[in-house]
Amino acid sequence: MSDSTIWWLLAGAAVAVELVTGTFYLLMITVGLVAGAVAAHLGLALVSQMVIAAVIGGGAVAVWHLQRSKSPAPQPAQSNRDVNLDIGESVQVAQWNADGTATVKFRGANWTAVPANPAEPHGTGSFRIKEMLGNRLVIEKL
């Protein structure tokens, strides 16, 4: 079996493992394995093929890691609008209960709402849903 065939088989195996695990970094390693296959097709020595595969694959992993570290961390699921489309919607508070909660009408049902910052005076009126904790809406003044 030729060197390039081995490189292509390794690249295919890495893609198959990535599809099973969902680890994007394996695709970056696959780029290095493909570079090793191309080096084999160009007739470079085995040591050169391995160095090229390691540099390209390792470099791709490092670049991807740096790129991901620059992006902000995702919000927790209970306050992430991408996960819960109710985040950011507005509700009306008519009155607050003695225990610091309010009952609000939202999506045709009564919900228990709690203020995002209980130390601040909250009053009545329009509020925005900041996050959802279980079956409670955490709201803040608009």
# chains A, B, ... in the order shown; residues from 1 in each chain; ligands from 1
call {"tool": "residues_around", "arguments": {"residues": "A:Ala54", "least_positions_apart": "2", "cutoff": "10 Å", "atoms": "only C-alpha atoms", "output": "JSON, numbers by chain"}}
result
{"A": [29, 31, 32, 33, 35, 36, 48, 49, 50, 51, 52, 56, 57, 58, 59, 60]}
call {"tool": "write_last_selection", "arguments": {"atoms": "all heavy atoms", "output": "compact mmCIF listing (two decimals), in the first residue's frame"}}
result
# COMPACT_ATOMS: atom_id res chain seq x y z
N ILE A 29 -7.42 18.19 12.57
CA ILE A 29 -6.42 17.13 12.45
C ILE A 29 -6.52 16.49 11.07
O ILE A 29 -5.51 16.16 10.44
CB ILE A 29 -6.59 16.07 13.56
CG1 ILE A 29 -6.38 16.69 14.94
CG2 ILE A 29 -5.68 14.88 13.35
CD1 ILE A 29 -4.99 17.17 15.22
N VAL A 31 -7.36 17.93 8.34
CA VAL A 31 -6.68 18.82 7.38
C VAL A 31 -5.20 18.49 7.34
O VAL A 31 -4.58 18.44 6.27
CB VAL A 31 -6.94 20.30 7.76
CG1 VAL A 31 -6.06 21.22 6.94
CG2 VAL A 31 -8.40 20.64 7.58
N GLY A 32 -4.60 18.23 8.51
CA GLY A 32 -3.19 17.84 8.55
C GLY A 32 -2.95 16.50 7.86
O GLY A 32 -1.96 16.33 7.15
N LEU A 33 -3.86 15.55 8.07
CA LEU A 33 -3.71 14.24 7.42
C LEU A 33 -3.83 14.36 5.90
O LEU A 33 -3.11 13.68 5.16
CB LEU A 33 -4.75 13.26 7.97
CG LEU A 33 -4.59 12.90 9.46
CD1 LEU A 33 -5.79 12.11 9.94
CD2 LEU A 33 -3.31 12.12 9.68
N ALA A 35 -2.99 17.02 4.23
CA ALA A 35 -1.72 17.63 3.82
C ALA A 35 -0.63 16.57 3.72
O ALA A 35 0.21 16.62 2.80
CB ALA A 35 -1.32 18.73 4.80
N GLY A 36 -0.63 15.60 4.63
CA GLY A 36 0.32 14.49 4.53
C GLY A 36 0.09 13.66 3.28
O GLY A 36 1.05 13.23 2.63
N SER A 48 9.22 13.90 5.89
CA SER A 48 8.66 15.18 5.44
C SER A 48 7.14 15.16 5.46
O SER A 48 6.50 16.14 5.85
CB SER A 48 9.14 15.50 4.01
OG SER A 48 10.55 15.62 3.98
N GLN A 49 6.56 14.05 5.06
CA GLN A 49 5.10 13.92 5.10
C GLN A 49 4.59 14.07 6.52
O GLN A 49 3.61 14.78 6.77
CB GLN A 49 4.68 12.55 4.55
CG GLN A 49 5.00 12.30 3.10
CD GLN A 49 4.78 10.85 2.72
OE1 GLN A 49 3.98 10.15 3.32
NE2 GLN A 49 5.52 10.40 1.71
N MET A 50 5.26 13.42 7.47
CA MET A 50 4.83 13.47 8.86
C MET A 50 5.00 14.88 9.44
O MET A 50 4.14 15.35 10.18
CB MET A 50 5.59 12.43 9.69
CG MET A 50 5.15 11.02 9.30
SD MET A 50 6.04 9.60 9.97
CE MET A 50 6.66 10.04 11.50
N VAL A 51 6.09 15.54 9.10
CA VAL A 51 6.31 16.91 9.59
C VAL A 51 5.26 17.84 9.03
O VAL A 51 4.67 18.65 9.76
CB VAL A 51 7.75 17.39 9.24
CG1 VAL A 51 7.89 18.88 9.46
CG2 VAL A 51 8.77 16.61 10.04
N ILE A 52 4.96 17.72 7.74
CA ILE A 52 3.95 18.57 7.11
C ILE A 52 2.58 18.31 7.74
O ILE A 52 1.84 19.25 8.07
CB ILE A 52 3.92 18.35 5.59
CG1 ILE A 52 5.17 18.97 4.96
CG2 ILE A 52 2.66 18.93 4.96
CD1 ILE A 52 5.36 18.64 3.49
N ILE A 56 0.70 21.30 9.78
CA ILE A 56 -0.59 21.78 9.26
C ILE A 56 -1.72 21.42 10.22
O ILE A 56 -2.55 22.26 10.58
CB ILE A 56 -0.88 21.19 7.85
CG1 ILE A 56 0.19 21.61 6.86
CG2 ILE A 56 -2.27 21.57 7.38
CD1 ILE A 56 0.19 23.08 6.53
N GLY A 57 -1.78 20.17 10.68
CA GLY A 57 -2.84 19.76 11.60
C GLY A 57 -2.75 20.47 12.94
O GLY A 57 -3.75 20.99 13.45
N GLY A 58 -1.56 20.52 13.51
CA GLY A 58 -1.38 21.23 14.79
C GLY A 58 -1.63 22.71 14.66
O GLY A 58 -2.23 23.33 15.55
N GLY A 59 -1.18 23.30 13.55
CA GLY A 59 -1.43 24.72 13.32
C GLY A 59 -2.91 25.02 13.17
O GLY A 59 -3.41 26.02 13.70
N ALA A 60 -3.64 24.14 12.48
CA ALA A 60 -5.08 24.35 12.32
C ALA A 60 -5.79 24.26 13.66
O ALA A 60 -6.69 25.06 13.95
CB ALA A 60 -5.65 23.32 11.33
call {"tool": "residues_around", "arguments": {"residues": "A:Val34", "least_positions_apart": "2", "cutoff": "8 Å", "atoms": "only C-alpha atoms", "output": "PyMOL selection string"}}
result
chain A and resi 7-8+11+30-32+36-38+53
call {"tool": "select_by_dssp", "arguments": {"residues": "stretch 37-111 of chain A", "states": "strand (DSSP E)", "output": "list of chain:residue names"}}
result
A:Ser90, A:Val91, A:Gln92, A:Val93, A:Ala102, A:Thr103, A:Val104, A:Lys105, A:Phe106, A:Ala109, A:Asn110, A:Trp111
call {"tool": "closest_residue", "arguments": {"among": "A:Ala13, A:Ala116, A:Leu42, A:Val20", "to": "A:Ser79", "atoms": "only C-alpha atoms"}}
result
A:Ala116
call {"tool": "residues_around", "arguments": {"residues": "A:Phe127", "least_positions_apart": "4", "cutoff": "7 Å", "atoms": "only C-alpha atoms", "output": "number ranges by chain"}}
result
A: 90-92, 139-142
call {"tool": "closest_residue", "arguments": {"among": "A:Tyr25, A:Ala119, A:Leu46, A:Ala73", "to": "A:Val61", "atoms": "only C-alpha atoms"}}
result
A:Tyr25
call {"tool": "select_by_dssp", "arguments": {"residues": "chain A", "states": "helix (DSSP H, G or I)", "output": "MDAnalysis selection string"}}
result
chainID A and resid 3:21 24:41 46:70 77:79
call {"tool": "atom_distance", "arguments": {"atom1": "atom CA of A:Val93", "atom2": "atom CA of A:Ser126"}}
result
6.5 Å
call {"tool": "atom_distance", "arguments": {"atom1": "atom CA of A:Lys130", "atom2": "atom CA of A:Val114"}}
result
10.2 Å
call {"tool": "atom_distance", "arguments": {"atom1": "atom CA of A:Arg68", "atom2": "atom CA of A:Glu18"}}
result
18.1 Å
call {"tool": "residues_around", "arguments": {"residues": "stretch 99-103 of chain A", "least_positions_apart": "3", "cutoff": "9 Å", "atoms": "only C-alpha atoms", "output": "VMD selection string"}}
result
chain A and resid 93 to 96 110 to 115 118
call {"tool": "decode", "arguments": {"residues": "stretch 45-118 of chain A", "atoms": "C-alpha atoms", "output": "short mmCIF file (atom, residue, chain, number, x, y, z; two decimals), in the first residue's frame"}}
result
data_model
loop_
_atom_site.label_atom_id
_atom_site.label_comp_id
_atom_site.auth_asym_id
_atom_site.auth_seq_id
_atom_site.Cartn_x
_atom_site.Cartn_y
_atom_site.Cartn_z
CA ALA A 45 9.98 11.39 2.04
CA LEU A 46 7.96 9.85 4.90
CA VAL A 47 9.62 12.10 7.48
CA SER A 48 8.66 15.18 5.44
CA GLN A 49 5.10 13.92 5.10
CA MET A 50 4.83 13.47 8.86
CA VAL A 51 6.31 16.91 9.59
CA ILE A 52 3.95 18.57 7.11
CA ALA A 53 0.93 16.70 8.55
CA ALA A 54 1.93 17.63 12.11
CA VAL A 55 2.58 21.30 11.33
CA ILE A 56 -0.59 21.78 9.26
CA GLY A 57 -2.84 19.76 11.60
CA GLY A 58 -1.38 21.23 14.79
CA GLY A 59 -1.43 24.72 13.32
CA ALA A 60 -5.08 24.35 12.32
CA VAL A 61 -5.97 23.19 15.85
CA ALA A 62 -4.05 26.12 17.38
CA VAL A 63 -5.67 28.68 15.07
CA TRP A 64 -9.14 27.27 15.76
CA HIS A 65 -8.50 27.27 19.52
CA LEU A 66 -7.33 30.91 19.43
CA GLN A 67 -10.34 31.87 17.32
CA ARG A 68 -12.75 30.23 19.77
CA SER A 69 -11.06 31.79 22.80
CA LYS A 70 -11.61 35.28 21.33
CA SER A 71 -15.37 34.80 20.96
CA PRO A 72 -17.51 35.50 24.03
CA ALA A 73 -18.73 32.58 26.09
CA PRO A 74 -22.35 31.64 25.38
CA GLN A 75 -24.99 32.65 27.89
CA PRO A 76 -26.47 29.97 30.16
CA ALA A 77 -29.50 28.22 28.65
CA GLN A 78 -32.00 29.84 31.04
CA SER A 79 -31.06 33.34 29.82
CA ASN A 80 -30.09 32.57 26.20
CA ARG A 81 -32.59 33.75 23.58
CA ASP A 82 -31.22 31.19 21.13
CA VAL A 83 -32.41 28.43 23.47
CA ASN A 84 -35.59 30.01 24.85
CA LEU A 85 -37.49 32.40 22.60
CA ASP A 86 -39.43 33.85 25.56
CA ILE A 87 -36.32 35.75 26.71
CA GLY A 88 -36.74 39.42 25.87
CA GLU A 89 -40.53 39.32 25.65
CA SER A 90 -42.49 41.85 27.68
CA VAL A 91 -45.06 41.25 30.41
CA GLN A 92 -47.30 43.55 32.44
CA VAL A 93 -47.15 43.56 36.24
CA ALA A 94 -50.30 44.89 37.90
CA GLN A 95 -49.14 44.32 41.48
CA TRP A 96 -46.45 42.63 43.54
CA ASN A 97 -47.21 40.06 46.22
CA ALA A 98 -45.92 40.36 49.78
CA ASP A 99 -43.36 37.57 49.16
CA GLY A 100 -41.70 39.58 46.36
CA THR A 101 -43.30 37.69 43.48
CA ALA A 102 -45.90 38.77 40.97
CA THR A 103 -48.44 36.83 38.94
CA VAL A 104 -48.30 37.82 35.29
CA LYS A 105 -50.27 36.70 32.27
CA PHE A 106 -47.93 35.38 29.56
CA ARG A 107 -48.76 33.20 26.55
CA GLY A 108 -52.31 32.73 27.81
CA ALA A 109 -51.37 31.41 31.25
CA ASN A 110 -50.54 32.78 34.68
CA TRP A 111 -46.84 32.73 35.55
CA THR A 112 -44.98 33.53 38.73
CA ALA A 113 -42.49 36.30 38.15
CA VAL A 114 -39.60 37.40 40.35
CA PRO A 115 -37.54 40.58 39.95
CA ALA A 116 -34.03 40.27 38.53
CA ASN A 117 -32.73 42.58 41.25
CA PRO A 118 -34.89 42.30 44.38
#
